[in-house]
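Reproduced below: run_31.pdb, with PDB, C-alpha atoms.
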```pdb
ATOM      1  CA  MET W   1     -76.135  20.250   8.881
ATOM      2  CA  SER W   2     -72.899  21.667  10.313
ATOM      3  CA  GLU W   3     -69.767  22.168   8.242
ATOM      4  CA  THR W   4     -66.408  20.906   9.488
ATOM      5  CA  CYS W   5     -62.845  21.898   8.665
ATOM      6  CA  PRO W   6     -61.256  19.412   6.228
ATOM      7  CA  VAL W   7     -57.914  19.676   8.051
ATOM      8  CA  CYS W   8     -58.665  19.555  11.781
ATOM      9  CA  GLY W   9     -62.335  18.487  11.804
ATOM     10  CA  ALA W  10     -63.465  21.435  13.973
ATOM     11  CA  PRO W  11     -66.922  22.902  13.353
ATOM     12  CA  VAL W  12     -66.874  25.823  10.907
ATOM     13  CA  THR W  13     -69.327  28.699  10.941
ATOM     14  CA  PRO W  14     -71.277  28.745   7.648
ATOM     15  CA  GLY W  15     -69.790  31.375   5.341
ATOM     16  CA  ALA W  16     -66.501  31.610   7.286
ATOM     17  CA  SER W  17     -63.392  32.225   5.200
ATOM     18  CA  ALA W  18     -61.058  30.352   7.587
ATOM     19  CA  CYS W  19     -61.264  27.680  10.298
ATOM     20  CA  GLU W  20     -61.236  29.309  13.751
ATOM     21  CA  ALA W  21     -59.395  26.327  15.278
ATOM     22  CA  CYS W  22     -56.469  25.831  12.874
ATOM     23  CA  GLY W  23     -56.626  28.828  10.528
ATOM     24  CA  PHE W  24     -57.035  26.746   7.348
ATOM     25  CA  LYS W  25     -58.325  29.002   4.566
ATOM     26  CA  LEU W  26     -61.628  27.720   3.249
ATOM     27  CA  LEU W  27     -61.907  28.338  -0.478
ATOM     28  CA  GLY W  28     -65.392  27.694  -1.782
ATOM     29  CA  THR W  29     -65.929  24.071  -2.754
ATOM     30  CA  THR W  30     -62.446  22.968  -1.655
ATOM     31  CA  GLU W  31     -63.762  22.736   1.895
ATOM     32  CA  ARG W  32     -66.014  19.766   1.072
ATOM     33  CA  PHE W  33     -64.954  16.140   0.917
ATOM     34  CA  GLU W  34     -67.019  13.127   0.018
ATOM     35  CA  PRO W  35     -66.893  10.304   2.574
ATOM     36  CA  ILE W  36     -65.254   7.059   1.513
ATOM     37  CA  ASN W  37     -67.647   4.148   1.102
ATOM     38  CA  LEU W  38     -66.299   1.709   3.691
ATOM     39  CA  ALA W  39     -68.793  -0.996   2.725
ATOM     40  CA  ASP W  40     -66.700  -1.706  -0.384
ATOM     41  CA  ALA W  41     -63.360  -1.731   1.455
ATOM     42  CA  ASP W  42     -61.817  -4.894   2.852
ATOM     43  CA  ALA W  43     -61.478  -4.950   6.638
ATOM     44  CA  PRO W  44     -57.887  -4.990   7.926
ATOM     45  CA  ALA W  45     -56.680  -8.383   9.157
ATOM     46  CA  ALA W  46     -55.627  -6.985  12.529
ATOM     47  CA  ALA W  47     -56.085  -3.629  14.201
ATOM     48  CA  PRO W  48     -52.892  -1.602  14.626
ATOM     49  CA  ALA W  49     -51.339  -1.518  18.071
ATOM     50  CA  PRO W  50     -52.325   1.483  20.198
ATOM     51  CA  ALA W  51     -50.015   4.464  20.076
ATOM     52  CA  ALA W  52     -47.109   4.348  22.482
ATOM     53  CA  ALA W  53     -46.661   8.112  22.591
ATOM     54  CA  THR W  54     -48.326  11.448  21.827
ATOM     55  CA  LEU W  55     -47.520  14.996  20.838
ATOM     56  CA  THR W  56     -49.765  17.587  22.503
ATOM     57  CA  VAL W  57     -49.942  21.203  21.360
ATOM     58  CA  LEU W  58     -49.435  23.462  24.401
ATOM     59  CA  ARG W  59     -49.165  26.826  22.617
ATOM     60  CA  GLY W  60     -50.513  27.892  19.244
ATOM     61  CA  ARG W  61     -53.829  27.901  17.400
ATOM     62  CA  GLN W  62     -54.398  24.187  18.028
ATOM     63  CA  ALA W  63     -53.622  24.329  21.774
ATOM     64  CA  GLY W  64     -54.975  21.168  23.392
ATOM     65  CA  ALA W  65     -54.838  19.044  20.224
ATOM     66  CA  SER W  66     -53.110  15.696  20.702
ATOM     67  CA  TYR W  67     -51.535  13.521  18.003
ATOM     68  CA  ALA W  68     -50.860   9.811  18.499
ATOM     69  CA  LEU W  69     -47.492   8.451  17.415
ATOM     70  CA  GLY W  70     -47.319   4.940  15.999
ATOM     71  CA  ASP W  71     -45.112   3.047  13.572
ATOM     72  CA  GLU W  72     -45.620   5.439  10.637
ATOM     73  CA  PRO W  73     -43.575   8.667  10.382
ATOM     74  CA  VAL W  74     -45.404  11.800  11.573
ATOM     75  CA  THR W  75     -44.740  14.895   9.486
ATOM     76  CA  ILE W  76     -44.990  18.351  11.057
ATOM     77  CA  GLY W  77     -45.327  21.537   9.055
ATOM     78  CA  ARG W  78     -47.362  24.321   7.475
ATOM     79  CA  SER W  79     -48.467  22.160   4.557
ATOM     80  CA  PRO W  80     -52.021  20.816   4.978
ATOM     81  CA  GLN W  81     -50.660  17.431   3.840
ATOM     82  CA  CYS W  82     -48.582  17.144   7.044
ATOM     83  CA  THR W  83     -49.813  14.809   9.773
ATOM     84  CA  VAL W  84     -49.482  17.678  12.280
ATOM     85  CA  PHE W  85     -50.625  20.794  10.400
ATOM     86  CA  LEU W  86     -49.325  23.977  12.091
ATOM     87  CA  ASN W  87     -50.678  26.881  10.064
ATOM     88  CA  ASP W  88     -48.358  29.793  10.799
ATOM     89  CA  MET W  89     -45.679  31.578   8.754
ATOM     90  CA  THR W  90     -43.059  30.760  11.444
ATOM     91  CA  VAL W  91     -43.413  27.073  10.481
ATOM     92  CA  SER W  92     -41.839  25.698   7.286
ATOM     93  CA  ARG W  93     -44.045  23.723   4.890
ATOM     94  CA  SER W  94     -42.168  20.553   5.801
ATOM     95  CA  HIS W  95     -40.602  21.469   9.143
ATOM     96  CA  ALA W  96     -39.862  18.201  10.980
ATOM     97  CA  VAL W  97     -40.580  14.481  11.096
ATOM     98  CA  VAL W  98     -40.987  12.146  14.085
ATOM     99  CA  GLU W  99     -40.119   8.501  13.426
ATOM    100  CA  ARG W 100     -40.003   5.376  15.535
ATOM    101  CA  GLU W 101     -36.547   3.846  15.864
ATOM    102  CA  GLY W 102     -36.660   0.672  17.921
ATOM    103  CA  ASP W 103     -38.391   1.503  21.207
ATOM    104  CA  ALA W 104     -37.850   5.264  20.877
ATOM    105  CA  TYR W 105     -39.103   8.181  18.806
ATOM    106  CA  VAL W 106     -36.675  10.515  17.056
ATOM    107  CA  ILE W 107     -37.498  14.012  15.809
ATOM    108  CA  ARG W 108     -35.550  15.358  12.828
ATOM    109  CA  ASP W 109     -35.401  18.864  11.408
ATOM    110  CA  GLU W 110     -36.303  18.793   7.695
ATOM    111  CA  ASN W 111     -34.041  21.758   6.802
ATOM    112  CA  SER W 112     -36.574  24.204   8.249
ATOM    113  CA  PHE W 113     -35.949  27.933   8.320
ATOM    114  CA  ASN W 114     -36.459  28.459  12.093
ATOM    115  CA  GLY W 115     -35.194  25.071  13.257
ATOM    116  CA  VAL W 116     -36.464  22.569  15.816
ATOM    117  CA  TRP W 117     -35.921  23.401  19.474
ATOM    118  CA  ILE W 118     -36.121  20.775  22.217
ATOM    119  CA  ASN W 119     -36.090  22.116  25.792
ATOM    120  CA  ASN W 120     -34.641  25.418  24.462
ATOM    121  CA  ALA W 121     -31.793  23.752  22.528
ATOM    122  CA  ASN W 122     -31.658  23.803  18.723
ATOM    123  CA  VAL W 123     -31.331  20.251  17.362
ATOM    124  CA  GLU W 124     -30.946  18.546  13.986
ATOM    125  CA  ALA W 125     -32.151  15.212  15.421
ATOM    126  CA  LYS W 126     -32.900  13.993  18.942
ATOM    127  CA  VAL W 127     -34.346  10.935  20.684
ATOM    128  CA  LEU W 128     -37.425  12.205  22.509
ATOM    129  CA  ALA W 129     -37.889  11.687  26.248
ATOM    130  CA  PRO W 130     -41.192  11.996  28.150
ATOM    131  CA  GLY W 131     -41.946  15.632  28.962
ATOM    132  CA  ASP W 132     -39.689  17.078  26.243
ATOM    133  CA  LEU W 133     -40.919  20.479  25.067
ATOM    134  CA  ILE W 134     -40.676  20.914  21.306
ATOM    135  CA  GLN W 135     -40.785  24.390  19.800
ATOM    136  CA  ILE W 136     -41.601  24.618  16.114
ATOM    137  CA  GLY W 137     -42.070  28.209  15.012
ATOM    138  CA  SER W 138     -44.522  29.870  17.387
ATOM    139  CA  PHE W 139     -45.936  26.488  18.492
ATOM    140  CA  CYS W 140     -44.954  24.507  21.580
ATOM    141  CA  LEU W 141     -45.656  20.775  21.788
ATOM    142  CA  ARG W 142     -45.006  18.243  24.557
ATOM    143  CA  TYR W 143     -43.909  14.659  23.972
ATOM    144  CA  ASP W 144     -45.464  12.088  26.321
ATOM    145  CA  GLU W 145     -45.368   8.301  26.486
ATOM    146  CA  ALA W 146     -48.295   6.066  27.395
TER     147      ALA W 146
END
```
Mind turning this structure into C-alpha coordinates?
Amino acid sequence: MSETCPVCGAPVTPGASACEACGFKLLGTTERFEPINLADADAPAAAPAPAAATLTVLRGRQAGASYALGDEPVTIGRSPQCTVFLNDMTVSRSHAVVEREGDAYVIRDENSFNGVWINNANVEAKVLAPGDLIQIGSFCLRYDEA
(Lines of atoms letter the chains of each structure in order from A and count residues from 1; the text may use other names and numbers.)
(Lines give C-alpha, C1' and ligand atoms only; values in the text may rest on other atoms or scores of the structure.)
Protein backbone atom coordinates (compact mmCIF):
# COMPACT_ATOMS: atom_id res chain seq x y z
CA MET A 1 0.00 0.00 0.00
CA SER A 2 1.50 3.36 -0.98
CA GLU A 3 1.73 6.30 1.40
CA THR A 4 0.54 9.75 0.34
CA CYS A 5 1.38 13.23 1.57
CA PRO A 6 -1.38 14.57 3.87
CA VAL A 7 -0.98 18.06 2.39
CA CYS A 8 -0.70 17.65 -1.39
CA GLY A 9 -1.69 13.99 -1.85
CA ALA A 10 1.49 13.09 -3.79
CA PRO A 11 2.94 9.60 -3.33
CA VAL A 12 5.59 9.45 -0.59
CA THR A 13 8.50 7.04 -0.54
CA PRO A 14 8.23 4.80 2.56
CA GLY A 15 10.58 6.09 5.25
CA ALA A 16 10.96 9.54 3.65
CA SER A 17 11.29 12.46 6.06
CA ALA A 18 9.64 14.98 3.70
CA CYS A 19 7.27 15.00 0.71
CA GLU A 20 9.25 15.35 -2.53
CA ALA A 21 6.42 17.30 -4.20
CA CYS A 22 5.62 19.99 -1.61
CA GLY A 23 8.35 19.65 1.02
CA PHE A 24 5.96 18.94 3.91
CA LYS A 25 7.93 17.42 6.79
CA LEU A 26 6.58 14.00 7.66
CA LEU A 27 6.80 13.39 11.40
CA GLY A 28 6.09 9.79 12.31
CA THR A 29 2.39 9.14 12.84
CA THR A 30 1.35 12.70 11.94
CA GLU A 31 1.52 11.71 8.29
CA ARG A 32 -1.48 9.37 8.58
CA PHE A 33 -5.12 10.38 8.45
CA GLU A 34 -8.18 8.22 8.83
CA PRO A 35 -10.72 8.55 6.01
CA ILE A 36 -14.08 10.06 6.86
CA ASN A 37 -16.98 7.61 6.75
CA LEU A 38 -19.16 9.17 4.05
CA ALA A 39 -21.90 6.58 4.49
CA ASP A 40 -22.97 8.37 7.68
CA ALA A 41 -22.86 11.87 6.16
CA ASP A 42 -25.89 13.50 4.57
CA ALA A 43 -25.55 14.18 0.85
CA PRO A 44 -25.52 17.88 -0.11
CA ALA A 45 -28.79 19.16 -1.58
CA ALA A 46 -27.06 20.53 -4.68
CA ALA A 47 -23.54 20.25 -6.02
CA PRO A 48 -21.54 23.48 -5.94
CA ALA A 49 -21.12 25.34 -9.20
CA PRO A 50 -17.90 24.58 -11.08
CA ALA A 51 -14.99 26.89 -10.44
CA ALA A 52 -14.90 30.01 -12.57
CA ALA A 53 -11.15 30.49 -12.24
CA THR A 54 -7.89 28.79 -11.28
CA LEU A 55 -4.48 29.53 -9.85
CA THR A 56 -1.69 27.47 -11.42
CA VAL A 57 1.79 27.22 -9.92
CA LEU A 58 4.35 28.02 -12.65
CA ARG A 59 7.50 28.16 -10.50
CA GLY A 60 8.23 26.52 -7.17
CA ARG A 61 8.10 23.05 -5.63
CA GLN A 62 4.49 22.51 -6.70
CA ALA A 63 5.01 23.62 -10.33
CA GLY A 64 2.06 22.39 -12.39
CA ALA A 65 -0.39 22.23 -9.46
CA SER A 66 -3.70 23.96 -10.14
CA TYR A 67 -6.17 25.27 -7.56
CA ALA A 68 -9.82 25.95 -8.38
CA LEU A 69 -11.35 29.20 -7.15
CA GLY A 70 -14.99 29.21 -6.11
CA ASP A 71 -17.17 31.18 -3.71
CA GLU A 72 -15.09 30.42 -0.59
CA PRO A 73 -11.94 32.46 0.19
CA VAL A 74 -8.67 30.78 -0.82
CA THR A 75 -5.82 31.27 1.63
CA ILE A 76 -2.22 31.20 0.42
CA GLY A 77 0.75 30.71 2.71
CA ARG A 78 3.39 28.56 4.39
CA SER A 79 0.95 27.18 6.95
CA PRO A 80 -0.28 23.66 6.08
CA GLN A 81 -3.79 24.89 6.96
CA CYS A 82 -3.77 27.25 3.95
CA THR A 83 -5.79 26.25 0.89
CA VAL A 84 -2.68 26.83 -1.26
CA PHE A 85 0.25 25.55 0.83
CA LEU A 86 3.56 27.02 -0.39
CA ASN A 87 6.26 25.51 1.80
CA ASP A 88 9.19 27.91 1.59
CA MET A 89 10.71 30.41 4.05
CA THR A 90 10.13 33.26 1.53
CA VAL A 91 6.37 32.79 2.06
CA SER A 92 4.64 34.05 5.22
CA ARG A 93 2.46 31.62 7.18
CA SER A 94 -0.63 33.55 6.11
CA HIS A 95 0.61 35.42 3.04
CA ALA A 96 -2.46 36.30 0.94
CA VAL A 97 -6.14 35.56 0.36
CA VAL A 98 -8.14 35.41 -2.88
CA GLU A 99 -11.85 36.18 -2.54
CA ARG A 100 -14.73 36.46 -4.95
CA GLU A 101 -16.28 39.92 -5.13
CA GLY A 102 -19.22 39.97 -7.51
CA ASP A 103 -18.02 38.55 -10.83
CA ALA A 104 -14.32 39.09 -10.06
CA TYR A 105 -11.62 37.68 -7.81
CA VAL A 106 -9.52 39.96 -5.61
CA ILE A 107 -6.16 39.05 -4.08
CA ARG A 108 -5.17 40.73 -0.81
CA ASP A 109 -1.84 40.78 0.98
CA GLU A 110 -2.28 39.55 4.57
CA ASN A 111 0.53 41.74 5.97
CA SER A 112 3.16 39.37 4.57
CA PHE A 113 6.86 40.03 4.96
CA ASN A 114 7.79 39.87 1.23
CA GLY A 115 4.52 41.21 -0.17
CA VAL A 116 2.33 40.15 -3.08
CA TRP A 117 3.53 41.03 -6.57
CA ILE A 118 1.21 41.06 -9.58
CA ASN A 119 2.92 41.43 -12.98
CA ASN A 120 6.04 42.78 -11.18
CA ALA A 121 4.13 45.42 -9.19
CA ASN A 122 3.77 45.21 -5.40
CA VAL A 123 0.09 45.39 -4.40
CA GLU A 124 -1.96 45.45 -1.21
CA ALA A 125 -5.11 44.35 -3.09
CA LYS A 126 -5.94 43.91 -6.77
CA VAL A 127 -8.77 42.61 -8.95
CA LEU A 128 -7.26 39.72 -10.90
CA ALA A 129 -7.37 39.59 -14.70
CA PRO A 130 -6.80 36.47 -16.84
CA GLY A 131 -3.09 35.83 -17.33
CA ASP A 132 -1.98 37.84 -14.28
CA LEU A 133 1.30 36.54 -12.86
CA ILE A 134 1.33 36.44 -9.07
CA GLN A 135 4.63 36.23 -7.22
CA ILE A 136 4.49 35.08 -3.62
CA GLY A 137 7.95 34.55 -2.19
CA SER A 138 9.90 32.33 -4.58
CA PHE A 139 6.67 31.00 -6.16
CA CYS A 140 5.01 32.24 -9.34
CA LEU A 141 1.33 31.53 -10.01
CA ARG A 142 -0.90 32.40 -12.96
CA TYR A 143 -4.55 33.41 -12.67
CA ASP A 144 -6.83 32.06 -15.40
CA GLU A 145 -10.58 32.13 -15.96
CA ALA A 146 -12.65 29.28 -17.36
Quick one: which residues end up in the PyMOL selection byres ((chain W and resi 78-92) around 9) for this structure, as a ChimeraX atom specification?
/W:7-8,22-24,60-62,67,73-77,93-96,110-115,136-139
### Long-range neighbours of Glu99 (chain W) as a list of chain:residue names, 10 Å cut-off, all atoms listed in the file, 5 positions minimum in chain
W:Leu69, W:Gly70, W:Asp71, W:Glu72, W:Pro73, W:Val74, W:Thr75, W:Ala104, W:Tyr105, W:Val106, W:Ile107, W:Arg108, W:Val127
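For Gly9 (chain W), the non-local neighbours within 10 Å, defined as residues at least 5 positions apart in the same chain or in other chains and counting all atoms listed in the file, are Glu3, Thr4, Cys19, Ala21 and Cys22 of chain W.
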Output the residue selection produced by the PyMOL selection byres ((chain W and resi 120) around 9) on the file above, formatted as number ranges by chain.
W: 117-119, 121-122, 133-135
Those selected residues, please, written with C-alpha atoms and delivered as a PDB file, in the frame of the given file.
```pdb
ATOM      1  CA  TRP W 117     -35.921  23.401  19.474  1.00  0.00           C
ATOM      2  CA  ILE W 118     -36.121  20.775  22.217  1.00  0.00           C
ATOM      3  CA  ASN W 119     -36.090  22.116  25.792  1.00  0.00           C
ATOM      4  CA  ALA W 121     -31.793  23.752  22.528  1.00  0.00           C
ATOM      5  CA  ASN W 122     -31.658  23.803  18.723  1.00  0.00           C
ATOM      6  CA  LEU W 133     -40.919  20.479  25.067  1.00  0.00           C
ATOM      7  CA  ILE W 134     -40.676  20.914  21.306  1.00  0.00           C
ATOM      8  CA  GLN W 135     -40.785  24.390  19.800  1.00  0.00           C
TER       9      GLN W 135
END
```
Notebook entry, point to check: Using the chain letters and numbers from the file, which residues does the PyMOL selection byres ((chain W and resi 14) around 8) grab, as a PyMOL selection string?
Noted result: chain W and resi 2-3+12-13+15-16
Selected residues written out with C-alpha atoms, as a short mmCIF file (atom, residue, chain, number, x, y, z; two decimals), in the coordinates of the input:
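And here's result17.cif as it stands now:
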```
data_model
loop_
_atom_site.label_atom_id
_atom_site.label_comp_id
_atom_site.auth_asym_id
_atom_site.auth_seq_id
_atom_site.Cartn_x
_atom_site.Cartn_y
_atom_site.Cartn_z
CA SER W 2 -72.90 21.67 10.31
CA GLU W 3 -69.77 22.17 8.24
CA VAL W 12 -66.87 25.82 10.91
CA THR W 13 -69.33 28.70 10.94
CA GLY W 15 -69.79 31.38 5.34
CA ALA W 16 -66.50 31.61 7.29
#
```
Margin query: One decimal, in Å: what's the spacing between CA of Pro130 (chain W) and CA of Gly64 (chain W)?
Written below: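 Taking CA of Pro130 (chain W) as the start and CA of Gly64 (chain W) as the end point, the length is 17.2 Å.
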Please, can region 105-125 of chain W be completed to N, CA, C and O atoms and returned as a PDB file, in the frame of the given file?
```
ATOM      1  N   TYR W 105     -38.704   7.293  19.882  1.00  0.00           N
ATOM      2  CA  TYR W 105     -39.103   8.181  18.806  1.00  0.00           C
ATOM      3  C   TYR W 105     -38.030   9.244  18.642  1.00  0.00           C
ATOM      4  O   TYR W 105     -37.516   9.785  19.624  1.00  0.00           O
ATOM      5  N   VAL W 106     -37.703   9.526  17.383  1.00  0.00           N
ATOM      6  CA  VAL W 106     -36.675  10.515  17.056  1.00  0.00           C
ATOM      7  C   VAL W 106     -37.331  11.625  16.236  1.00  0.00           C
ATOM      8  O   VAL W 106     -38.083  11.347  15.305  1.00  0.00           O
ATOM      9  N   ILE W 107     -37.033  12.876  16.594  1.00  0.00           N
ATOM     10  CA  ILE W 107     -37.498  14.012  15.809  1.00  0.00           C
ATOM     11  C   ILE W 107     -36.320  14.523  14.994  1.00  0.00           C
ATOM     12  O   ILE W 107     -35.187  14.584  15.489  1.00  0.00           O
ATOM     13  N   ARG W 108     -36.589  14.853  13.723  1.00  0.00           N
ATOM     14  CA  ARG W 108     -35.550  15.358  12.828  1.00  0.00           C
ATOM     15  C   ARG W 108     -36.020  16.646  12.166  1.00  0.00           C
ATOM     16  O   ARG W 108     -37.155  16.716  11.681  1.00  0.00           O
ATOM     17  N   ASP W 109     -35.146  17.624  12.132  1.00  0.00           N
ATOM     18  CA  ASP W 109     -35.401  18.864  11.408  1.00  0.00           C
ATOM     19  C   ASP W 109     -35.311  18.550   9.913  1.00  0.00           C
ATOM     20  O   ASP W 109     -34.390  17.869   9.478  1.00  0.00           O
ATOM     21  N   GLU W 110     -36.269  19.022   9.139  1.00  0.00           N
ATOM     22  CA  GLU W 110     -36.303  18.793   7.695  1.00  0.00           C
ATOM     23  C   GLU W 110     -35.789  20.032   6.955  1.00  0.00           C
ATOM     24  O   GLU W 110     -36.425  20.505   6.025  1.00  0.00           O
ATOM     25  N   ASN W 111     -34.631  20.548   7.388  1.00  0.00           N
ATOM     26  CA  ASN W 111     -34.041  21.758   6.802  1.00  0.00           C
ATOM     27  C   ASN W 111     -34.989  22.949   6.893  1.00  0.00           C
ATOM     28  O   ASN W 111     -35.124  23.730   5.946  1.00  0.00           O
ATOM     29  N   SER W 112     -35.641  23.107   8.042  1.00  0.00           N
ATOM     30  CA  SER W 112     -36.574  24.204   8.249  1.00  0.00           C
ATOM     31  C   SER W 112     -35.831  25.520   8.410  1.00  0.00           C
ATOM     32  O   SER W 112     -34.639  25.547   8.732  1.00  0.00           O
ATOM     33  N   PHE W 113     -36.552  26.600   8.206  1.00  0.00           N
ATOM     34  CA  PHE W 113     -35.949  27.933   8.320  1.00  0.00           C
ATOM     35  C   PHE W 113     -35.667  28.309   9.774  1.00  0.00           C
ATOM     36  O   PHE W 113     -34.606  28.820  10.095  1.00  0.00           O
ATOM     37  N   ASN W 114     -36.603  28.063  10.685  1.00  0.00           N
ATOM     38  CA  ASN W 114     -36.459  28.459  12.093  1.00  0.00           C
ATOM     39  C   ASN W 114     -35.947  27.349  12.998  1.00  0.00           C
ATOM     40  O   ASN W 114     -35.748  27.558  14.185  1.00  0.00           O
ATOM     41  N   GLY W 115     -35.760  26.155  12.477  1.00  0.00           N
ATOM     42  CA  GLY W 115     -35.194  25.071  13.257  1.00  0.00           C
ATOM     43  C   GLY W 115     -36.186  24.394  14.189  1.00  0.00           C
ATOM     44  O   GLY W 115     -37.335  24.803  14.329  1.00  0.00           O
ATOM     45  N   VAL W 116     -35.705  23.323  14.816  1.00  0.00           N
ATOM     46  CA  VAL W 116     -36.464  22.569  15.816  1.00  0.00           C
ATOM     47  C   VAL W 116     -35.740  22.752  17.141  1.00  0.00           C
ATOM     48  O   VAL W 116     -34.530  22.538  17.235  1.00  0.00           O
ATOM     49  N   TRP W 117     -36.483  23.144  18.141  1.00  0.00           N
ATOM     50  CA  TRP W 117     -35.921  23.401  19.474  1.00  0.00           C
ATOM     51  C   TRP W 117     -36.530  22.422  20.461  1.00  0.00           C
ATOM     52  O   TRP W 117     -37.751  22.293  20.552  1.00  0.00           O
ATOM     53  N   ILE W 118     -35.675  21.710  21.188  1.00  0.00           N
ATOM     54  CA  ILE W 118     -36.121  20.775  22.217  1.00  0.00           C
ATOM     55  C   ILE W 118     -35.576  21.294  23.547  1.00  0.00           C
ATOM     56  O   ILE W 118     -34.363  21.430  23.708  1.00  0.00           O
ATOM     57  N   ASN W 119     -36.478  21.596  24.474  1.00  0.00           N
ATOM     58  CA  ASN W 119     -36.090  22.116  25.792  1.00  0.00           C
ATOM     59  C   ASN W 119     -35.101  23.278  25.644  1.00  0.00           C
ATOM     60  O   ASN W 119     -34.068  23.343  26.308  1.00  0.00           O
ATOM     61  N   ASN W 120     -35.416  24.194  24.733  1.00  0.00           N
ATOM     62  CA  ASN W 120     -34.641  25.418  24.462  1.00  0.00           C
ATOM     63  C   ASN W 120     -33.273  25.169  23.858  1.00  0.00           C
ATOM     64  O   ASN W 120     -32.394  26.027  23.938  1.00  0.00           O
ATOM     65  N   ALA W 121     -33.044  24.020  23.232  1.00  0.00           N
ATOM     66  CA  ALA W 121     -31.793  23.752  22.528  1.00  0.00           C
ATOM     67  C   ALA W 121     -32.123  23.410  21.078  1.00  0.00           C
ATOM     68  O   ALA W 121     -32.992  22.566  20.814  1.00  0.00           O
ATOM     69  N   ASN W 122     -31.446  24.067  20.133  1.00  0.00           N
ATOM     70  CA  ASN W 122     -31.658  23.803  18.723  1.00  0.00           C
ATOM     71  C   ASN W 122     -31.035  22.459  18.368  1.00  0.00           C
ATOM     72  O   ASN W 122     -29.888  22.195  18.718  1.00  0.00           O
ATOM     73  N   VAL W 123     -31.814  21.596  17.694  1.00  0.00           N
ATOM     74  CA  VAL W 123     -31.331  20.251  17.362  1.00  0.00           C
ATOM     75  C   VAL W 123     -31.585  19.933  15.891  1.00  0.00           C
ATOM     76  O   VAL W 123     -32.527  20.431  15.294  1.00  0.00           O
ATOM     77  N   GLU W 124     -30.726  19.104  15.323  1.00  0.00           N
ATOM     78  CA  GLU W 124     -30.946  18.546  13.986  1.00  0.00           C
ATOM     79  C   GLU W 124     -31.767  17.268  14.114  1.00  0.00           C
ATOM     80  O   GLU W 124     -32.641  16.999  13.313  1.00  0.00           O
ATOM     81  N   ALA W 125     -31.434  16.452  15.128  1.00  0.00           N
ATOM     82  CA  ALA W 125     -32.151  15.212  15.421  1.00  0.00           C
ATOM     83  C   ALA W 125     -31.958  14.903  16.899  1.00  0.00           C
ATOM     84  O   ALA W 125     -30.900  15.201  17.462  1.00  0.00           O
TER      85      ALA W 125
END
```
